[in-house]
Amino acid sequence: MKKYILLLFFIFNFLPSWATDIEEVELKHWTDKLGLAGNRANCFTQDHKGFLWVGTDKGLNRFDGQSFLAIPLRGQKKNLEIKDVLSYRNNIYLYTGKGIYFEINTDNFNQKQLNLSSLQNPYLKNQLLQLSGNKVENYNGDYFKLSKDGNLYRNDVKIIGKFNNFYKDSRNRFWISFSDGEIGYWDSNKRKIITAISFPELSLSNFNLHNASAPIESIIKEDRNGKIWFFRSNGNVAFWDYEITKVYTIKNIKNHPYLKDAYKLFSFLTDVEIQSIFFDKIGNLWIGTYDSGMSMVRFKQKLFQFYQFDYSSKIGLADEDVSCPTALNNGNIWIGTWGGGINTLKKEDLKTSSPDFEIIPPKKGAQGSLQDGEVFPIFEDSKENIWVGTFTSGLNFLKREDRLVNKLHFQNYTTKNSPLPSNSIMNIYEDREGIIWISTDNGLMRYLPKEGKFESLFNELKIPIFSKTHTCSLSMKIPIKIYGYPLERMVFLNGIKKIIKSQT
């Protein structure tokens with residue numbers, strides 16, 4: 001097998017605050033001249049397919065990142081203003097300027113108007129009621145309600161002051177914004193709001209708003225890195241960084257460790273009136289404005305950490321040739337090598353400049369051990385079990401329960417004790433039914449978790465196309481079709497009809 005020497009780096013789905021100068025930002029902008037229905041972008045949501053839905057003052061758009069698709073509302077003579085939008089399961093729900101609710105199926109675009117009084121789903125009904133402007137939230141045993149007129153109630157008792165938003169973040173902190181610009185959080189023990197952020201510039205009224213008499217609204221959102229963002233309709237933006245325990249505004253954002261170059265980009269917000277913001281599933285920030293269309297801020301993550309094998313001290317990676325770095329669901333890293341076995345690295349150790357790698361060494365012939373130092377691939381299934389392929393010693397399996405208690409006892413499968421057609425593993429794949437497929441340099445096998453057994457399906461069907469075939473990779477296509485790519489042809493199995501087809 002050809003060996004590949006890899007430069008090993010990880011680009012994580014989170015940004016640790018200790019890293020410096022690791023993030024760039026870029027801005028993109030769209031208006032009605034580029035297909036947006038209207039220049040007042042009131043709201044955003046993202047459906048289960050990844051499409052962005054934008055509600056404007058002149059109708060609804062679906063955006064694929066390149067072009068806009070206008071979605072007319074049935075039964076309406078003209079485009080209605082979309083006040084708010086919600087994604088739930090396979091549907092998009094709208095609240096319009098005329099107080100009408102719509103449901104749109106994202107697969108076939110079927111539409112219908114909704115009567116909330118007849119809805120049987122209490123969760124959906126509550127979410128739709130909040131689209132109209134009345135917000136409710138349960139927090140630590142208390143029931144909070146914020147009315148359209150800025151009154152905040154806790155368990156139906158009015159709290160003194162005027163407010164315009166609240167938000168519960170992933171760390172269970174309940175943020176509350178005052179109409180005068182202060183932002184605090186609710187202390188359940190003291191039963192009062194603790195002022196956390198007071199930046200007077202956010203309460204200034206000397207901005208050229210289109211509706212100067214309207215109150216300055218606040219928008220509170222959390223990004224996928226755990227930063228809490230505060231946007232004001234007067235064009236100001238700030239965020240709270242939990243790790244640094246400090247608030248950053250446009251004025252001091254250039255002092256933030258990894259947003260040094262963001263000042264000029266975010267300063268454009270002082271010239272617009274913000275209507276809405278939204279963080280999509282990959283972390284892009286979408287900003288809707290009053291009359292300037294919508295913008296997207298993309299955060300480019302640039303975290304590089306280099307690890308290598310140290311010949312003198314024999315610390316670090318187990319071998320200089322890396323085969324398969326794999327990030328597990330719990331955030332830990334497993335690194336397969338071409339000779340040294342497996343390195344493991346705990347999530348919390350990623351913050352150190354010299355992480356402490358643990359090594360799972362190969363022990364040929366030792367029961368319960370990794371049988372070969374040449375590891376490829378490493379695969380974590382949907383139940384968080386670990387499957388490890390090797391170059392010459394078959395398949396190794398580690399139960400989730402054993403791994404969680406640091407009991408690294410592998411079950412070993414070879415041609416001698418299983419239907420495995422070869423001890424040289426090429427790929428491992430799990431289909432949507434939970435079946436594990438294992439390809440080798442001499443054919444294909446699968447593991448049926450419900451029956452707890454392996455089977456060589458192609459031998460049972462007596463179809464020789466996988467005999468003596470180097471099966472390189474596996475993938476799936478709905479409905480339940482497994483594709484194998486031998487060196488000289490492509491084949492696929494229809495799992496329902498059990499029919500194999502070959503294409504050279």
# chains A, B, ... in the order shown; residues from 1 in each chain; ligands from 1
call {"tool": "residues_around", "arguments": {"residues": "Lys346 in chain A", "least_positions_apart": "6", "cutoff": "10 Å", "atoms": "only C-alpha atoms", "output": "PyMOL selection string"}}
result
chain A and resi 330-334+355-358
call {"tool": "write_last_selection", "arguments": {"atoms": "N, CA, C and O atoms", "output": "mmCIF file, in the first residue's frame"}}
result
data_model
loop_
_atom_site.group_PDB
_atom_site.id
_atom_site.type_symbol
_atom_site.label_atom_id
_atom_site.label_comp_id
_atom_site.auth_asym_id
_atom_site.auth_seq_id
_atom_site.Cartn_x
_atom_site.Cartn_y
_atom_site.Cartn_z
ATOM 1 N N ASN A 330 -17.072 13.375 20.561
ATOM 2 C CA ASN A 330 -16.866 14.049 21.848
ATOM 3 C C ASN A 330 -15.760 15.095 21.802
ATOM 4 O O ASN A 330 -15.419 15.694 22.817
ATOM 5 N N GLY A 331 -15.181 15.332 20.617
ATOM 6 C CA GLY A 331 -14.141 16.347 20.468
ATOM 7 C C GLY A 331 -12.736 15.832 20.597
ATOM 8 O O GLY A 331 -11.781 16.561 20.304
ATOM 9 N N ASN A 332 -12.547 14.585 21.047
ATOM 10 C CA ASN A 332 -11.204 14.007 21.125
ATOM 11 C C ASN A 332 -10.687 13.670 19.726
ATOM 12 O O ASN A 332 -11.476 13.484 18.790
ATOM 13 N N ILE A 333 -9.371 13.586 19.607
ATOM 14 C CA ILE A 333 -8.738 13.299 18.317
ATOM 15 C C ILE A 333 -8.032 11.960 18.369
ATOM 16 O O ILE A 333 -7.301 11.664 19.325
ATOM 17 N N TRP A 334 -8.271 11.119 17.360
ATOM 18 C CA TRP A 334 -7.524 9.871 17.173
ATOM 19 C C TRP A 334 -6.725 10.011 15.879
ATOM 20 O O TRP A 334 -7.277 10.407 14.844
ATOM 21 N N PRO A 355 0.815 19.333 23.517
ATOM 22 C CA PRO A 355 -0.178 18.390 24.050
ATOM 23 C C PRO A 355 0.439 17.044 24.386
ATOM 24 O O PRO A 355 1.447 16.635 23.806
ATOM 25 N N ASP A 356 -0.181 16.376 25.316
ATOM 26 C CA ASP A 356 0.293 15.068 25.770
ATOM 27 C C ASP A 356 -0.433 13.976 24.995
ATOM 28 O O ASP A 356 -1.560 13.627 25.294
ATOM 29 N N PHE A 357 0.228 13.445 23.976
ATOM 30 C CA PHE A 357 -0.349 12.367 23.183
ATOM 31 C C PHE A 357 -0.285 11.054 23.948
ATOM 32 O O PHE A 357 0.734 10.737 24.565
ATOM 33 N N GLU A 358 -1.362 10.323 23.913
ATOM 34 C CA GLU A 358 -1.339 8.951 24.396
ATOM 35 C C GLU A 358 -1.240 8.019 23.200
ATOM 36 O O GLU A 358 -1.807 8.288 22.137
#
call {"tool": "atom_distance", "arguments": {"atom1": "CA of Asn225 in chain A", "atom2": "CA of Ile282 in chain A"}}
result
10.7 Å
call {"tool": "select_by_dssp", "arguments": {"residues": "range 31-258 of chain A", "states": "strand (DSSP E or B)", "output": "ChimeraX atom specification"}}
result
/A:41-46,52-56,59-63,68-71,82-88,91-96,101-105,111-114,135-139,142-146,152-154,157-159,163-168,174-178,183-187,192-197,218-222,228-232,237-241,246-249
call {"tool": "atom_distance", "arguments": {"atom1": "CA of Ser177 in chain A", "atom2": "CA of Ile220 in chain A"}}
result
8.4 Å
call {"tool": "residues_around", "arguments": {"residues": "range 189-195 of chain A", "least_positions_apart": "6", "cutoff": "8 Å", "atoms": "only C-alpha atoms", "output": "PyMOL selection string"}}
result
chain A and resi 176+182-183
call {"tool": "atom_distance", "arguments": {"atom1": "CA of Ile82 in chain A", "atom2": "CA of Lys135 in chain A"}}
result
17.9 Å
call {"tool": "residues_around", "arguments": {"residues": "range 114-128 of chain A", "least_positions_apart": "4", "cutoff": "10 Å", "atoms": "only C-alpha atoms", "output": "JSON, numbers by chain"}}
result
{"A": [84, 85, 86, 88, 93, 94, 95, 100, 101, 102, 103, 132, 133, 134, 135, 136]}
